[in-house]
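Data first, discussion second: the structure below is written as structure tokens.
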Amino acid sequence: MSQSFTFQQIGLVHSCYKQKFGIPRQPGLVTEASASIELLPPFNRLDVLDGLDGFSHIWVHFIFHECMTDNWKAKIRPPRLGGKEKMGIFATRATHRPNPLGLSVVEVKSVRKEGNRVFIDIIGADLLDKTPLVDITPYLPYADALPNAKGGFAPLPTTLKKVKFSELALDQAKSYKAIYARDLVPLIEQVIGQDPRPSYLVGSENRNHGNQLWNANIKWTAKEDHFLVTQIEYPVGEQHEQVENAERL
Ligand code: SAM
């Protein structure tokens, strides 16, 4: 009989991804995605990170907390196969696992302390906002980088799809940058360029889609050979201040 174990959360993720739709399938695919890991008490101390400055990347061990109520399945349909074929759960990186543990390698940008809060700023995460972490370990190139390893049915994803912006969307992105000091354009190009649509919608044109990045709702339409971002909506004025205050918590 197998045993059960209990883990303590050591941190949580603050990321631009507020919903699962649009998050890339693996880390490193959207390099414009900035995020931070906040270490939670009693781990909110800099000495737990002593020596980390010599490492460019870390492994983030996390909980697929938005899948906790779903049951695991022995076989699943990986999106990479267009949803047509089933593979064994342990041959995939699917989120619906017997234990909802995820593992992502991300680049470390900086470590900062603000009062009694400790943050690790990271690049290229594939993590939903508020994802709970159970461990952080350094990435060891001599052991973890295996250039001759085979990628099974999940080889390197193909090139990004072209993303175009309407004049309105470009104006809105410009105003957003002025208010929030974030450039949405390259982030949107990478996120939507991955084609986050479910496999049954790939190939269907002129359909409207929407996804949220930070506090902006991005509206876009699938065209024959590109995606068109039509509108970018976000809170302004008093609403903006409320959002900023909420994000600080
Ligand atoms: N790199 C990790 C791994 O291999 O374990 C995650 C791979 S998983 C295929 C990536 C997907 O996990 C993303 O597209 C996103 O939809 C989902 N995801 C990310 N964070 C999540 C969370 N906290 N709860 C549930 N799903 C999450």
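Just so we're on the same page: first chain in the structure tokens is A, next is B, and so on; residues restart at 1 for each chain, and ligands are numbered from 1 in the order they show up.
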Practice task
May I have the residues within 12 Å of Glu205 in chain A as an MDAnalysis selection string, using only C-alpha atoms and disregarding those fewer than 3 positions away in the same chain?
Solution key: chainID A and resid 197 201:202 208:209 220:228
Kindly save the residues from that selection, with C-alpha atoms included, as a PDB file, in the first residue's frame.
ATOM      1  CA  ARG A 197      -6.842  27.740 -28.578  1.00  0.00           C
ATOM      2  CA  LEU A 201     -10.986  25.309 -32.465  1.00  0.00           C
ATOM      3  CA  VAL A 202      -7.688  25.352 -34.327  1.00  0.00           C
ATOM      4  CA  ASN A 208     -13.463  35.896 -31.126  1.00  0.00           C
ATOM      5  CA  HIS A 209     -11.308  34.970 -28.158  1.00  0.00           C
ATOM      6  CA  TRP A 220      -8.526  38.868 -30.384  1.00  0.00           C
ATOM      7  CA  THR A 221      -9.796  37.160 -33.506  1.00  0.00           C
ATOM      8  CA  ALA A 222      -8.314  34.217 -35.379  1.00  0.00           C
ATOM      9  CA  LYS A 223      -7.708  35.083 -39.033  1.00  0.00           C
ATOM     10  CA  GLU A 224      -6.495  32.801 -41.806  1.00  0.00           C
ATOM     11  CA  ASP A 225      -2.770  33.384 -41.335  1.00  0.00           C
ATOM     12  CA  HIS A 226      -2.578  35.529 -38.190  1.00  0.00           C
ATOM     13  CA  PHE A 227      -4.325  36.567 -35.003  1.00  0.00           C
ATOM     14  CA  LEU A 228      -5.726  40.089 -34.797  1.00  0.00           C
TER      15      LEU A 228
END
Per-residue nearest contacts chain A to ligand 1, cut-off 7 Å, using only C-alpha atoms and all ligand atoms, as CSV:
residue,atom,partner,partner_atom_place_in_ligand_line,distance
A:Lys20,CA,ligand 1,16 (O),4.1
A:Phe21,CA,ligand 1,16 (O),6.0
A:Gly22,CA,ligand 1,14 (O),6.9
A:Ile23,CA,ligand 1,14 (O),4.4
A:Pro24,CA,ligand 1,14 (O),4.8
A:Arg25,CA,ligand 1,14 (O),4.2
A:Gln26,CA,ligand 1,1 (N),4.6
A:Pro27,CA,ligand 1,1 (N),5.7
A:Ile63,CA,ligand 1,23 (N),5.9
A:Phe64,CA,ligand 1,24 (N),3.4
A:His65,CA,ligand 1,24 (N),4.3
A:Glu66,CA,ligand 1,24 (N),3.9
A:Cys67,CA,ligand 1,25 (C),5.1
A:Arg93,CA,ligand 1,4 (O),4.6
A:Ala94,CA,ligand 1,9 (C),4.8
A:Thr95,CA,ligand 1,8 (S),5.6
A:Leu101,CA,ligand 1,5 (O),6.7
A:Gly102,CA,ligand 1,5 (O),3.4
A:Leu103,CA,ligand 1,5 (O),3.9
A:Ser104,CA,ligand 1,1 (N),4.1
A:Asp126,CA,ligand 1,19 (C),5.7
A:Leu127,CA,ligand 1,20 (N),3.9
A:Leu128,CA,ligand 1,20 (N),4.0
A:Lys130,CA,ligand 1,23 (N),6.9
A:Thr131,CA,ligand 1,23 (N),4.1
A:Pro132,CA,ligand 1,23 (N),6.9
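Running DSSP on the backbone and keeping only helix (DSSP H, G or I), the residues of range 14-76 of chain A that qualify are A:Leu46, A:Asp47, A:Val48, A:Leu49, A:Leu52, A:Asp53, A:Gly54, A:His65, A:Glu66, A:Cys67.
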Counting only C-alpha atoms, which residues in range 43-66 of chain A sit no more than 10 Å from range 139-148 of chain A? For each one, give the nearest pair of atoms and the distance in Å, sorted by chain then residue number, as CSV.
residue,atom,partner,partner_atom,distance
A:Phe55,CA,A:Tyr139,CA,7.1
A:Ser56,CA,A:Tyr139,CA,7.8
A:His57,CA,A:Tyr139,CA,5.4
A:Ile58,CA,A:Tyr139,CA,4.8
A:Trp59,CA,A:Tyr139,CA,5.9
A:Val60,CA,A:Tyr139,CA,9.6
Practice task
Name all residues at most 12 Å from Gln172 in chain A (count only C-alpha atoms; drop same-chain ones fewer than 4 positions away) and give them as a count of residues only.
Solution key: 24
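Of the listed residues A:Gln8, A:Ala173, A:Ser199, A:Arg45, the one whose atoms come nearest to Glu85 in chain A is A:Ser199, with distances taken using only C-alpha atoms.
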Practice task
Taking the chain letters and numbering used in this document, name the residues of range 5-197 of chain A that DSSP puts in strand (DSSP E), as an MDAnalysis selection string.
Solution key: chainID A and resid 11:15 34:39 57:63 75:76 87:88 101:114 117:123 132:138 163:165
Problem - Residues within 9 Å of Ala33 in chain A, only C-alpha atoms, excluding chain neighbours under 2 positions, as number ranges by chain - result: A: 15-17, 28, 30-31, 35, 122-126, 187, 190-191
I need the residues from that last selection saved to file as a PDB file, in the first residue's frame (with N, CA and C atoms), if you can.
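result.pdb was written with the following content:
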ATOM      1  N   SER A  15       2.058  36.289 -10.870  1.00  0.00           N
ATOM      2  CA  SER A  15       2.375  36.233 -12.300  1.00  0.00           C
ATOM      3  C   SER A  15       1.345  36.980 -13.130  1.00  0.00           C
ATOM      4  N   CYS A  16       1.697  37.213 -14.401  1.00  0.00           N
ATOM      5  CA  CYS A  16       0.779  37.927 -15.302  1.00  0.00           C
ATOM      6  C   CYS A  16      -0.393  37.049 -15.715  1.00  0.00           C
ATOM      7  N   TYR A  17      -0.286  35.740 -15.464  1.00  0.00           N
ATOM      8  CA  TYR A  17      -1.338  34.819 -15.906  1.00  0.00           C
ATOM      9  C   TYR A  17      -2.411  34.683 -14.821  1.00  0.00           C
ATOM     10  N   GLY A  28       9.781  28.997 -20.358  1.00  0.00           N
ATOM     11  CA  GLY A  28      10.796  29.422 -21.336  1.00  0.00           C
ATOM     12  C   GLY A  28      10.224  29.756 -22.693  1.00  0.00           C
ATOM     13  N   VAL A  30       7.543  31.750 -23.261  1.00  0.00           N
ATOM     14  CA  VAL A  30       7.158  33.168 -23.265  1.00  0.00           C
ATOM     15  C   VAL A  30       8.156  33.904 -22.362  1.00  0.00           C
ATOM     16  N   THR A  31       9.209  34.406 -22.999  1.00  0.00           N
ATOM     17  CA  THR A  31      10.276  35.054 -22.217  1.00  0.00           C
ATOM     18  C   THR A  31       9.849  36.436 -21.743  1.00  0.00           C
ATOM     19  N   ALA A  35       7.476  37.344 -13.637  1.00  0.00           N
ATOM     20  CA  ALA A  35       6.718  36.863 -12.486  1.00  0.00           C
ATOM     21  C   ALA A  35       7.631  36.940 -11.279  1.00  0.00           C
ATOM     22  N   ILE A 122      11.491  36.205 -11.532  1.00  0.00           N
ATOM     23  CA  ILE A 122      11.826  35.135 -12.484  1.00  0.00           C
ATOM     24  C   ILE A 122      11.329  35.480 -13.889  1.00  0.00           C
ATOM     25  N   ILE A 123      11.936  34.811 -14.872  1.00  0.00           N
ATOM     26  CA  ILE A 123      11.583  35.059 -16.281  1.00  0.00           C
ATOM     27  C   ILE A 123      11.122  33.742 -16.914  1.00  0.00           C
ATOM     28  N   GLY A 124      10.067  33.829 -17.712  1.00  0.00           N
ATOM     29  CA  GLY A 124       9.658  32.683 -18.530  1.00  0.00           C
ATOM     30  C   GLY A 124       8.783  31.648 -17.835  1.00  0.00           C
ATOM     31  N   ALA A 125       8.091  32.052 -16.780  1.00  0.00           N
ATOM     32  CA  ALA A 125       7.280  31.069 -16.037  1.00  0.00           C
ATOM     33  C   ALA A 125       6.040  30.627 -16.825  1.00  0.00           C
ATOM     34  N   ASP A 126       5.585  29.411 -16.534  1.00  0.00           N
ATOM     35  CA  ASP A 126       4.322  28.907 -17.094  1.00  0.00           C
ATOM     36  C   ASP A 126       3.332  28.703 -15.937  1.00  0.00           C
ATOM     37  N   LEU A 187       4.474  40.863 -24.920  1.00  0.00           N
ATOM     38  CA  LEU A 187       3.905  39.762 -24.120  1.00  0.00           C
ATOM     39  C   LEU A 187       2.746  39.111 -24.872  1.00  0.00           C
ATOM     40  N   GLN A 190       3.848  36.970 -27.827  1.00  0.00           N
ATOM     41  CA  GLN A 190       4.345  35.626 -27.481  1.00  0.00           C
ATOM     42  C   GLN A 190       3.226  34.716 -26.960  1.00  0.00           C
ATOM     43  N   VAL A 191       2.341  35.288 -26.124  1.00  0.00           N
ATOM     44  CA  VAL A 191       1.291  34.449 -25.515  1.00  0.00           C
ATOM     45  C   VAL A 191       0.295  33.972 -26.572  1.00  0.00           C
TER      46      VAL A 191
END
Show me a table, sorted first by chain and then by increasing residue number, of the residues of range 17-94 of chain A having an atom at most 9 Å from range 113-120 of chain A, each with its shortest atom pair and the distance in Å to one decimal, counting only C-alpha atoms and written as a Markdown table.
| residue | atom | partner | partner_atom | distance |
| --- | --- | --- | --- | --- |
| A:Ala35 | CA | A:Ile120 | CA | 8.6 |
| A:Ser36 | CA | A:Ile120 | CA | 5.4 |
| A:Ile37 | CA | A:Ile120 | CA | 5.0 |
| A:Glu38 | CA | A:Phe119 | CA | 4.5 |
| A:Leu39 | CA | A:Val118 | CA | 5.6 |
| A:Leu40 | CA | A:Arg117 | CA | 7.8 |
| A:Pro41 | CA | A:Arg117 | CA | 8.7 |
| A:Phe43 | CA | A:Val118 | CA | 8.6 |
| A:Asn44 | CA | A:Val118 | CA | 5.3 |
| A:Arg45 | CA | A:Val118 | CA | 6.5 |
| A:Leu46 | CA | A:Val118 | CA | 7.0 |
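Counting from CA of Gln9 in chain A, the distance to CA of Asp135 in chain A is 7.9 Å.
Neighbours of Thr92 in chain A closer than or equal to 9 Å, with only C-alpha atoms counted and sequence neighbours fewer than 2 positions away skipped, come out as Ile76, Pro78, Met87, Gly88, Ile89, Phe90, Ala94, Thr95 and Ala154 of chain A.
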Save out the residues we just selected, N, CA, C and O atoms, as a PDB file, in the first residue's frame.
ATOM      1  N   ILE A  76      -4.672  10.423 -20.784  1.00  0.00           N
ATOM      2  CA  ILE A  76      -5.194  11.757 -21.131  1.00  0.00           C
ATOM      3  C   ILE A  76      -4.846  12.084 -22.589  1.00  0.00           C
ATOM      4  O   ILE A  76      -3.993  11.435 -23.184  1.00  0.00           O
ATOM      5  N   PRO A  78      -3.060  14.591 -24.749  1.00  0.00           N
ATOM      6  CA  PRO A  78      -2.178  15.770 -24.752  1.00  0.00           C
ATOM      7  C   PRO A  78      -2.561  16.743 -25.870  1.00  0.00           C
ATOM      8  O   PRO A  78      -2.777  16.316 -27.008  1.00  0.00           O
ATOM      9  N   MET A  87      -2.535   9.308 -24.087  1.00  0.00           N
ATOM     10  CA  MET A  87      -1.241   8.831 -23.585  1.00  0.00           C
ATOM     11  C   MET A  87      -1.363   8.574 -22.084  1.00  0.00           C
ATOM     12  O   MET A  87      -2.215   9.173 -21.411  1.00  0.00           O
ATOM     13  N   GLY A  88      -0.492   7.714 -21.568  1.00  0.00           N
ATOM     14  CA  GLY A  88      -0.502   7.424 -20.127  1.00  0.00           C
ATOM     15  C   GLY A  88      -0.123   8.661 -19.333  1.00  0.00           C
ATOM     16  O   GLY A  88       0.760   9.421 -19.739  1.00  0.00           O
ATOM     17  N   ILE A  89      -0.785   8.859 -18.218  1.00  0.00           N
ATOM     18  CA  ILE A  89      -0.565  10.077 -17.428  1.00  0.00           C
ATOM     19  C   ILE A  89       0.913  10.295 -17.102  1.00  0.00           C
ATOM     20  O   ILE A  89       1.417  11.416 -17.143  1.00  0.00           O
ATOM     21  N   PHE A  90       1.654   9.181 -16.825  1.00  0.00           N
ATOM     22  CA  PHE A  90       3.060   9.360 -16.439  1.00  0.00           C
ATOM     23  C   PHE A  90       3.971   9.552 -17.661  1.00  0.00           C
ATOM     24  O   PHE A  90       5.187   9.692 -17.511  1.00  0.00           O
ATOM     25  N   ALA A  94       0.771  16.532 -17.957  1.00  0.00           N
ATOM     26  CA  ALA A  94      -0.598  17.019 -17.750  1.00  0.00           C
ATOM     27  C   ALA A  94      -0.812  17.455 -16.297  1.00  0.00           C
ATOM     28  O   ALA A  94      -0.129  16.984 -15.385  1.00  0.00           O
ATOM     29  N   THR A  95      -1.757  18.338 -16.119  1.00  0.00           N
ATOM     30  CA  THR A  95      -2.016  18.902 -14.788  1.00  0.00           C
ATOM     31  C   THR A  95      -2.857  17.975 -13.902  1.00  0.00           C
ATOM     32  O   THR A  95      -2.802  18.076 -12.685  1.00  0.00           O
ATOM     33  N   ALA A 154       6.457  15.110 -27.754  1.00  0.00           N
ATOM     34  CA  ALA A 154       6.413  16.544 -27.444  1.00  0.00           C
ATOM     35  C   ALA A 154       7.730  17.227 -27.829  1.00  0.00           C
ATOM     36  O   ALA A 154       8.446  17.727 -26.970  1.00  0.00           O
TER      37      ALA A 154
END
